[in-house]
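Undergrad: Below you'll find model.pdb; it's PDB, C-alpha atoms.
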```
ATOM      1  CA  MET Y 124      -6.721  10.972  14.556
ATOM      2  CA  LYS Y 125      -3.648   8.900  13.821
ATOM      3  CA  LYS Y 126      -0.712   8.857  11.433
ATOM      4  CA  GLY Y 127      -0.122   5.950   9.092
ATOM      5  CA  ASP Y 128       3.521   5.296   9.867
ATOM      6  CA  ARG Y 129       5.484   4.846  13.096
ATOM      7  CA  GLU Y 130       4.319   6.580  16.248
ATOM      8  CA  ALA Y 131       5.953   5.784  19.580
ATOM      9  CA  GLY Y 132       8.231   3.592  17.477
ATOM     10  CA  GLN Y 133       5.390   1.273  16.425
ATOM     11  CA  TRP Y 134       3.476   0.759  13.158
ATOM     12  CA  PRO Y 135      -0.352   0.998  12.975
ATOM     13  CA  ALA Y 136      -0.921  -2.787  12.838
ATOM     14  CA  HIS Y 137       1.253  -3.434  15.912
ATOM     15  CA  SER Y 138      -0.441  -4.727  19.068
ATOM     16  CA  TYR Y 139       0.954  -1.659  20.862
ATOM     17  CA  PHE Y 140      -2.064   0.247  19.509
ATOM     18  CA  PHE Y 141      -4.661  -2.428  20.299
ATOM     19  CA  PRO Y 142      -5.670  -0.814  23.617
ATOM     20  CA  LEU Y 143      -6.316   2.436  21.715
ATOM     21  CA  TYR Y 144      -8.371   0.595  19.091
ATOM     22  CA  ALA Y 145     -10.284  -1.300  21.781
ATOM     23  CA  GLU Y 146     -11.158   1.889  23.636
ATOM     24  CA  ALA Y 147     -12.232   3.628  20.414
ATOM     25  CA  GLU Y 148     -14.439   0.635  19.633
ATOM     26  CA  ARG Y 149     -15.951   0.756  23.121
ATOM     27  CA  LEU Y 150     -16.701   4.474  22.774
ATOM     28  CA  ASP Y 151     -18.043   4.013  19.205
ATOM     29  CA  LEU Y 152     -15.394   6.400  17.870
ATOM     30  CA  PRO Y 153     -13.635   5.819  14.533
ATOM     31  CA  ILE Y 154      -9.884   5.769  14.024
ATOM     32  CA  CYS Y 155      -8.944   8.394  11.407
ATOM     33  CA  PHE Y 156      -5.668   8.030   9.560
ATOM     34  CA  HIS Y 157      -4.696  11.450   8.262
ATOM     35  CA  THR Y 158      -1.989  12.622   5.904
ATOM     36  CA  GLY Y 159       1.375  13.337   7.442
ATOM     37  CA  SER Y 160       4.048  11.389   9.223
ATOM     38  CA  GLY Y 161       4.526  10.435  12.837
ATOM     39  CA  THR Y 162       8.237   9.973  12.246
ATOM     40  CA  PRO Y 163      10.340  13.038  13.086
ATOM     41  CA  ASP Y 164      12.253  14.501  10.180
ATOM     42  CA  PHE Y 165      14.848  17.131  10.798
ATOM     43  CA  SER Y 166      15.477  17.875   7.140
ATOM     44  CA  SER Y 167      15.619  21.481   6.069
ATOM     45  CA  VAL Y 168      12.255  23.005   5.149
ATOM     46  CA  LYS Y 169      13.599  23.806   1.682
ATOM     47  CA  ASP Y 170      14.040  20.050   1.099
ATOM     48  CA  PHE Y 171      10.502  19.092   2.168
ATOM     49  CA  SER Y 172       9.185  18.949  -1.393
ATOM     50  CA  LEU Y 173      11.765  16.276  -2.247
ATOM     51  CA  GLY Y 174      10.030  13.813   0.064
ATOM     52  CA  SER Y 175       6.608  15.374   0.641
ATOM     53  CA  PHE Y 176       4.598  12.636  -1.084
ATOM     54  CA  MET Y 177       6.350   9.902   0.900
ATOM     55  CA  ARG Y 178       5.952  11.897   4.103
ATOM     56  CA  SER Y 179       2.330  12.950   3.673
ATOM     57  CA  GLN Y 180       0.243  10.611   1.505
ATOM     58  CA  LEU Y 181       2.097   7.295   1.473
ATOM     59  CA  PRO Y 182       1.753   6.649   5.240
ATOM     60  CA  ILE Y 183      -2.031   6.430   4.812
ATOM     61  CA  ILE Y 184      -1.705   3.857   2.025
ATOM     62  CA  HIS Y 185       0.770   1.866   4.101
ATOM     63  CA  ALA Y 186      -1.590   1.838   7.103
ATOM     64  CA  PHE Y 187      -4.488   0.575   4.985
ATOM     65  CA  GLN Y 188      -2.445  -2.235   3.472
ATOM     66  CA  THR Y 189      -0.899  -3.458   6.709
ATOM     67  CA  LEU Y 190      -4.136  -3.306   8.699
ATOM     68  CA  ILE Y 191      -5.667  -5.675   6.137
ATOM     69  CA  ARG Y 192      -2.607  -7.947   5.934
ATOM     70  CA  TYR Y 193      -2.495  -8.314   9.716
ATOM     71  CA  GLU Y 194      -6.303  -8.603   9.937
ATOM     72  CA  VAL Y 195      -6.590  -5.839  12.510
ATOM     73  CA  PRO Y 196     -10.218  -4.936  11.616
ATOM     74  CA  SER Y 197     -11.317  -8.506  12.396
ATOM     75  CA  LYS Y 198      -9.876  -8.129  15.901
ATOM     76  CA  PHE Y 199     -12.144  -5.136  16.509
ATOM     77  CA  PRO Y 200     -15.385  -6.085  14.732
ATOM     78  CA  LYS Y 201     -17.245  -2.842  15.454
ATOM     79  CA  LEU Y 202     -14.391  -0.373  14.948
ATOM     80  CA  ARG Y 203     -14.479   1.898  11.910
ATOM     81  CA  PHE Y 204     -11.316   3.088  10.152
ATOM     82  CA  GLY Y 205     -11.077   6.227   8.006
ATOM     83  CA  PHE Y 206      -8.353   7.269   5.589
ATOM     84  CA  ILE Y 207      -8.563  11.023   5.305
ATOM     85  CA  GLU Y 208      -7.367  13.652   2.812
ATOM     86  CA  ALA Y 209      -5.173  11.473   0.593
ATOM     87  CA  GLY Y 210      -7.720  10.929  -2.160
ATOM     88  CA  ALA Y 211      -9.031   7.503  -3.128
ATOM     89  CA  SER Y 212      -7.237   6.734  -6.403
ATOM     90  CA  TRP Y 213      -4.859   4.405  -4.581
ATOM     91  CA  ILE Y 214      -7.622   1.953  -3.590
ATOM     92  CA  PRO Y 215      -7.550  -0.110  -6.840
ATOM     93  CA  PHE Y 216      -3.768  -0.479  -6.653
ATOM     94  CA  VAL Y 217      -3.725  -1.573  -3.005
ATOM     95  CA  ALA Y 218      -6.632  -3.984  -3.596
ATOM     96  CA  TYR Y 219      -4.663  -5.497  -6.493
ATOM     97  CA  ASP Y 220      -1.481  -5.648  -4.399
ATOM     98  CA  LEU Y 221      -3.231  -7.443  -1.528
ATOM     99  CA  LYS Y 222      -4.896  -9.888  -3.915
ATOM    100  CA  ARG Y 223      -1.615 -10.656  -5.683
ATOM    101  CA  HIS Y 224       0.284 -11.279  -2.449
ATOM    102  CA  LEU Y 225      -2.488 -13.534  -1.180
ATOM    103  CA  ALA Y 226      -2.460 -15.534  -4.422
ATOM    104  CA  ARG Y 227       1.266 -16.145  -3.924
ATOM    105  CA  THR Y 228       0.893 -17.348  -0.332
ATOM    106  CA  GLY Y 229       2.765 -20.589   0.034
ATOM    107  CA  ASP Y 230       5.158 -19.760  -2.779
ATOM    108  CA  SER Y 231       8.528 -20.360  -1.122
ATOM    109  CA  GLY Y 232      10.116 -17.751  -3.349
ATOM    110  CA  SER Y 233       7.719 -15.019  -2.255
ATOM    111  CA  THR Y 234       8.662 -12.506   0.407
ATOM    112  CA  PHE Y 235       5.042 -12.520   1.560
ATOM    113  CA  SER Y 236       4.592 -16.302   1.647
ATOM    114  CA  THR Y 237       3.867 -16.257   5.393
ATOM    115  CA  PHE Y 238       0.967 -13.795   5.176
ATOM    116  CA  LYS Y 239      -2.470 -15.388   5.194
ATOM    117  CA  TYR Y 240      -5.424 -13.062   5.388
ATOM    118  CA  LYS Y 241      -8.976 -12.997   4.136
ATOM    119  CA  LEU Y 242     -10.015 -10.715   1.301
ATOM    120  CA  GLU Y 243     -13.740 -10.117   0.991
ATOM    121  CA  ALA Y 244     -15.180  -9.086  -2.372
ATOM    122  CA  ASP Y 245     -16.325  -5.847  -0.709
ATOM    123  CA  LEU Y 246     -12.917  -5.212   0.879
ATOM    124  CA  LEU Y 247     -13.658  -1.809   2.393
ATOM    125  CA  ALA Y 248     -17.192  -2.423   3.635
ATOM    126  CA  ALA Y 249     -16.261  -5.809   5.117
ATOM    127  CA  ASN Y 250     -13.547  -4.123   7.182
ATOM    128  CA  ARG Y 251     -15.573  -0.982   8.012
ATOM    129  CA  ILE Y 252     -13.074   1.174   6.121
ATOM    130  CA  PHE Y 253     -14.037   4.601   4.787
ATOM    131  CA  VAL Y 254     -11.958   6.791   2.468
ATOM    132  CA  THR Y 255     -12.345  10.441   1.562
ATOM    133  CA  CYS Y 256     -12.347  11.031  -2.175
ATOM    134  CA  GLN Y 257     -11.951  14.141  -4.298
ATOM    135  CA  VAL Y 258     -14.568  15.234  -6.802
ATOM    136  CA  ASP Y 259     -12.282  15.099  -9.853
ATOM    137  CA  GLU Y 260     -10.926  11.584  -9.279
ATOM    138  CA  ASP Y 261     -11.849   8.662 -11.545
ATOM    139  CA  LEU Y 262     -14.849   7.856  -9.376
ATOM    140  CA  PRO Y 263     -16.469   5.323 -11.754
ATOM    141  CA  TYR Y 264     -13.301   3.203 -11.568
ATOM    142  CA  ILE Y 265     -12.772   3.731  -7.827
ATOM    143  CA  LEU Y 266     -16.392   2.772  -7.087
ATOM    144  CA  GLU Y 267     -15.775  -0.625  -8.685
ATOM    145  CA  PHE Y 268     -13.325  -1.371  -5.861
ATOM    146  CA  ALA Y 269     -14.643   0.742  -2.999
ATOM    147  CA  GLY Y 270     -18.390   0.460  -3.511
ATOM    148  CA  GLU Y 271     -20.865   3.238  -2.792
ATOM    149  CA  ASP Y 272     -20.985   2.712   0.972
ATOM    150  CA  THR Y 273     -17.403   3.614   1.873
ATOM    151  CA  LEU Y 274     -16.475   6.857   0.091
ATOM    152  CA  MET Y 275     -16.889  10.277   1.712
ATOM    153  CA  THR Y 276     -15.920  13.791   0.844
ATOM    154  CA  GLY Y 277     -14.164  16.006   3.363
ATOM    155  CA  SER Y 278     -16.072  19.241   3.796
ATOM    156  CA  ASP Y 279     -13.742  20.713   6.423
ATOM    157  CA  TYR Y 280     -10.742  21.207   4.141
ATOM    158  CA  THR Y 281     -10.790  24.984   4.396
ATOM    159  CA  HIS Y 282      -7.041  25.383   4.349
ATOM    160  CA  ARG Y 283      -5.399  25.790   0.971
ATOM    161  CA  ASP Y 284      -4.083  22.412  -0.122
ATOM    162  CA  GLN Y 285      -4.750  19.765  -2.770
ATOM    163  CA  SER Y 286      -7.974  18.625  -1.074
ATOM    164  CA  MET Y 287      -9.642  22.030  -0.875
ATOM    165  CA  GLU Y 288     -12.830  22.121  -2.937
ATOM    166  CA  HIS Y 289     -15.509  24.658  -2.013
ATOM    167  CA  ASP Y 290     -18.083  23.536  -4.572
ATOM    168  CA  PHE Y 291     -17.928  19.772  -4.192
ATOM    169  CA  PRO Y 292     -21.701  19.093  -3.827
ATOM    170  CA  ARG Y 293     -22.506  20.798  -7.129
ATOM    171  CA  LEU Y 294     -19.597  19.137  -8.926
ATOM    172  CA  LEU Y 295     -20.554  15.652  -7.753
ATOM    173  CA  LYS Y 296     -24.186  16.209  -8.752
ATOM    174  CA  GLU Y 297     -23.066  17.386 -12.193
ATOM    175  CA  ARG Y 298     -21.065  14.191 -12.642
ATOM    176  CA  ALA Y 299     -24.165  12.177 -11.753
ATOM    177  CA  ARG Y 300     -26.290  14.162 -14.239
ATOM    178  CA  ARG Y 301     -23.754  13.355 -16.948
ATOM    179  CA  GLY Y 302     -24.127   9.670 -16.087
ATOM    180  CA  GLU Y 303     -20.568   9.263 -14.807
ATOM    181  CA  ILE Y 304     -21.602   8.072 -11.353
ATOM    182  CA  PRO Y 305     -24.931   6.894  -9.897
ATOM    183  CA  GLU Y 306     -27.200   9.420  -8.192
ATOM    184  CA  SER Y 307     -27.257   7.089  -5.188
ATOM    185  CA  ALA Y 308     -23.474   7.404  -4.848
ATOM    186  CA  VAL Y 309     -23.707  11.201  -4.596
ATOM    187  CA  GLN Y 310     -26.090  11.045  -1.628
ATOM    188  CA  LYS Y 311     -23.859   8.517   0.102
ATOM    189  CA  ILE Y 312     -20.585  10.340  -0.578
ATOM    190  CA  LEU Y 313     -21.989  13.683   0.543
ATOM    191  CA  TYR Y 314     -23.980  12.570   3.566
ATOM    192  CA  ASP Y 315     -24.897   8.972   4.370
ATOM    193  CA  ASN Y 316     -21.414   7.474   4.616
ATOM    194  CA  ALA Y 317     -20.005  10.223   6.834
ATOM    195  CA  LYS Y 318     -23.062   9.906   9.078
ATOM    196  CA  THR Y 319     -22.370   6.184   9.442
ATOM    197  CA  PHE Y 320     -18.615   6.616   9.851
ATOM    198  CA  TYR Y 321     -18.853   9.230  12.609
ATOM    199  CA  ALA Y 322     -21.939   7.584  14.197
ATOM    200  CA  LEU Y 323     -23.962  10.801  13.930
TER     201      LEU Y 323
END
```
Just give me the structure of the file as structure tokens.

TA:
Amino acid sequence: MKKGDREAGQWPAHSYFFPLYAEAERLDLPICFHTGSGTPDFSSVKDFSLGSFMRSQLPIIHAFQTLIRYEVPSKFPKLRFGFIEAGASWIPFVAYDLKRHLARTGDSGSTFSTFKYKLEADLLAANRIFVTCQVDEDLPYILEFAGEDTLMTGSDYTHRDQSMEHDFPRLLKERARRGEIPESAVQKILYDNAKTFYAL
């Protein structure tokens, strides 16, 4: 389990963490980026809500984007990466952002002109990236970007927070019966993808 922002003073795509990634790959263990921050914050508890989104969910999105930009998955071709408990609605935006920056590579006026990375059509699957989704998200739209083989649902969210959903299997199956998502996606989100991700 890892945070998506700085830990030990280094960001997730920094070579500082490559020995950790290499050992996880050797052991066939995935790297799970979870909500929360690795950067100490000594703000008063009463002020937490003022920055809670930046401190909890945004680090995951940052980790995803920078791992792709710095081509970290290609350096560890068997390592799986998971982005846990921050929903999946951000995937289309980050995919767009990466595509736009890549299209502007070589533009001398672009801040990101020095970044050259490869974007596969199946961005998540090609990089062995899995993301936990929530049952009430816009799954038809998200599936266009994520595909059926990379989304999971988190069944261990028993604590009371935004991800807690006790009846997620029934709700996903109902969405499939209404024709919102394919039946095949339900089986993969509920079982197959997690089995692959955790090598069970």

Undergrad: Taking (-8.8, -1.5, 19.4) as a centre in this file's frame and 12 Å as the limit, can you find every polymer residue with an atom that close, using all atoms listed in the file, and give them as number ranges by chain?

TA: Y: 135-154, 190, 195-204

Undergrad: Report the distance between atom CA of Y:Lys125 and atom CA of Y:Ile252 in Å, rounded to one decimal place.

TA: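 That distance, rounded to one decimal, is 14.4 Å.
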
Undergrad: Could you work out how far atom CA of Y:Tyr321 lies from atom CA of Y:Asp128, giving the answer in Å with one decimal?

TA: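 Atom CA of Y:Tyr321 lies 22.9 Å from atom CA of Y:Asp128.
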
Undergrad: What is the atom CA of Y:Phe206 to atom CA of Y:Thr189 distance in Å?

TA: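 Distance reported for this atom pair: 13.1 Å.
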
Undergrad: Considering all atoms listed in the file, return as a PyMOL selection string whatever protein or nucleic-acid residues lie within 12 Å of Y:Ser212, sequence-local ones (same chain, fewer than 4 positions apart) excluded.

TA: chain Y and resi 180+184+208+216-218+254-269+274

Undergrad: Given all atoms listed in the file as the basis, pick out the residue of Y:Trp213, Y:Gln188, Y:Asp315, Y:Lys126 nearest to Y:Thr158.

TA: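 Smallest separation from Y:Thr158 among the options: Y:Lys126.
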
Undergrad: For the file shown, what are the residues hit by the PyMOL selection byres ((chain Y and resi 317) around 9), laid out as a VMD selection string?

TA: chain Y and resid 253 273 to 277 311 to 316 318 to 323
